[in-house]
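Participant: Structure incoming, see below.
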Amino acid sequence: MRQVWIFLTFIGWLWSSSAQAILTIEITEGVDGALPIAVLPFSWQGKGAAPEDIAAIIAADLQRSGRFAPLDIKQADEQATSKAAVDFKLWRGRGIDHLLVGKVLPAKQGKYTVQFQLFDAIKGEQLAGYSMSAEDKHLRQLAHRVSDIVFESLLGVPGAFDTKIAYVTATEKNRQRSYQLAVADADGVNEQIILSSKQPLMSPSWSPDGQRLAYVSFENKRPQIFVQTISSGKREMVASNAGLNNAPTWSPDGTRLAMTLSQDGNAEIYVLNLANKRQHRITRHYAIDTEASWAPDGKSLVFTSDRGGRPQLYQIKLDSQGRRQASPKRLSFQGNYNSRAVYSADGERLAFVHGKDGRFTIAVMDLKRGSMLVVADTRLGESPSFAPNGMMVIYAAEKDGKGVLEAVSVEGRARQRLGLQTGDVREPAWSPYLSKR
Amino acid sequence: MNVFKALLVLVFSVTLLTGCPSTPSRDDSNGGRGGGAGAGSEGSGVQGQGADMSGGVSAMSLQDPASTLSKRVIYFDYNSAAISDEGRELIDLHAQYLSAHPESKVVLEGHTDERGSREYNIALGERRAAAVQKIMQLLGVSATQLQAISFGEERPVDPGHMDDAWQANRRVELLYTEHR
């Protein structure tokens with residue numbers, strides 16, 4: 001294979017670097033049949049200590065995906081920075097099919113350059129090789145980007161490591177509850193609080209460009225919908241009707257929000273045009289209609305309704321203007337409680353809360369086949385959200401009396417937990433892809 | 001002032017005695033606010049009877065912890081907004097107070113247990129608050145005195161994750177905002 005070095009520069013997030021890593025990760029279930037890979041420690045070519053352990057971040061990413069079984073780094077204490085230095089035969093003997101080697105060099109203006117190569121140990125060939133540079137505070141992001149490249153090179157599916165999650169935390173101090181809306185890297189590191197309130201915050205939803213979040217805030221003692229630009233913190237109230245202003249979700253083109261309003265008597269789904277603020281009603285039923293999710297093609301909404309007596313999932317077709325086109329069609333038939341569905345980015349699957357026999361599990365439905373799989377057998381699972389590559393689902397659960405986030409691979413094999421040291425963490429929303437691909 | 005207060009207590013005690021068992025079914029079938037007005041006129045018609053009780057019922061003030069009015073939480077079954085008999089009695093009591101005190105305002109706060117999804121629970125909490133609101137209006141409470149809001153599962157009174165906590169959390173709270 002041709003050896004290509006592509007030079008990429010990272011334009012970092014505008015966020016402050018006052019990050020606190022208060023989320024901790026715990027891998028709760030391992031996987032059989034994951035690909036063995038060796039991520040060798042990246043050699044540091046500068047003075048003093050290395051700015052970041054790039055190889056450790058990459059190995060942890062690959063492990064969390066459930067698709068890879070990285071060799072324990074202590075076993076691979078050799079450093080190899082080029083093809084010539086790699087003894088492929090030795091690695092083959094250790095059962096390793098793929099190797100990642102790299103180095104970190106100091107660059108101009110406080111930046112660092114990271115060069116890496118991914119090898120097929122069987123053929124002794126390079127599969128990918130890149131050089132990237134980033135500032136100190138963006139080196140973790142760069143490492144996630146390397147993980148994405150490794151993932152795609154070996155599995156043919158883009159990785160989703162260089163992405164973010166948004167979530168809500170609730171803590172209690174001196175009998176005073178407080179709520180935070182936070183954004184962190186997909187591995188739970190680099191938490192940034194983007195809003196704090198003494199009143200509940202709910203339902204964060206990413207804009208398709210990954211720049212804004214829509215959410216519900218009770219800061220004025222009643223639910224209202226806001227849209228906040230993440231980098232600047234600038235926020236706008238977009239819905240403040242009488243009654244509910246809840247469950248916002250973006251149209252795929254980012255011009256509209258579907259939401260739940262009860263201004264006409266009870267919970268119904270509406271579509272709000274963000275440019276002219278016009279709203280039109282989608283559902284008409286005396287039952288509860290809420291929790292809309294927009295199909296990625298923009299042609300339908302899936303939502304929760306208890307028009308049949310219990311909460312179930314329904315789908316309603318929309319025209320090109322986002323108006324209702326036909327009567328809703330019921331999608332869920334197993335279990336007595338199915339709610340809060342979200343589409344995968346390819347539109348082929350739904351993740352949702354599936355209640356059966358008193359347990360609230362997280363399930364994934366294949367829309368083409370109509371089949372359903374429980375991917376996490378939780379007692380109190382809620383708020384599932386797909387990774388943008390559709391390979392994992394993050395959701396909220398309860399563990400030892402606390403709200404925690406867990407992520408599971410879509411076939412339910414690999415599971416990991418992200419927990420807050422104090423208080424509850426809930427309502428995770430996985431961002432779309434943020435860097436250009 | 002004292003005369004006015006005494007009169008209210010009088011009217012109130014009478015409706016307590018006479019109103020509860022008879023008005024609900026009639027109001028439900030009326031299905032409108034006219035039912036409430038009827039309850040009021042009925043109360044004034046039998047005012048005399050209450051005089052005997054005025055001493056005992058004069059304690060029916062909002063601030064008095066011994067008063068039945070100090071009970072301000074209506075509980076619900078799982079995933080239901082149906083009002084129990086017990087809840088109905090409490091609603092009647094407060095509706096009578098509110099009818100007699102048009103300057104009083106109450107926020108009806110709907111809550112749910114934590115099971116299921118959060119946004120569905122917000123709508124369920126609203127349905128519970130609306131159920132209480134509807135009955136109060138049927139009983140003659142002015143719409144301007146009532147405000148319904150839902151917090152869904154966001155504000156549990158009991159942070160536990162078992163049945164007893166869930167039972168305590170499925171509720172509508174009556175929060176008086178203006179009263180003398």
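Ordering of the structure tokens sets the chain letters (A, B, ...), residue numbers begin anew at 1 in every chain, and ligands are numbered from 1 in the order given.
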Please report, as a tab-separated table, each residue of chain B lying at most 7 Å from chain A, together with the nearest pair of atoms and the separation in Å rounded to one decimal; use only C-alpha atoms, and order rows by chain and ascending residue number.
Facilitator:
```
residue	atom	partner	partner_atom	distance
B:Arg115	CA	A:Leu380	CA	6.4
B:Gly116	CA	A:Phe360	CA	6.6
B:Ser117	CA	A:Glu382	CA	5.7
B:Glu119	CA	A:Ala247	CA	6.2
B:Tyr120	CA	A:Thr290	CA	6.4
B:Ala123	CA	A:Ala267	CA	6.1
B:Ile149	CA	A:Arg222	CA	6.8
B:Glu154	CA	A:Pro200	CA	6.5
B:His161	CA	A:Gly401	CA	6.8
```
Participant: If we count only C-alpha atoms and set the cut-off at 10 Å, which residues sit around Met136 (chain B), ignoring sequence neighbours fewer than 6 positions away in its own chain? Please answer as a list in words.
Facilitator: Arg33, Gly36, Arg88, Ile91, Asp92, Leu93, His94, Ala95, Gln96, Leu98, Ser99, Ala130, Ser142, Ala143, Gln145 and Leu146 of chain B
Participant: Could you jot down the CA of Ser178 (chain A) to CA of Arg170 (chain B) separation for me, Å, one decimal place?
Facilitator: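 Atom-to-atom, CA of Ser178 (chain A) and CA of Arg170 (chain B) are spaced 21.7 Å apart.
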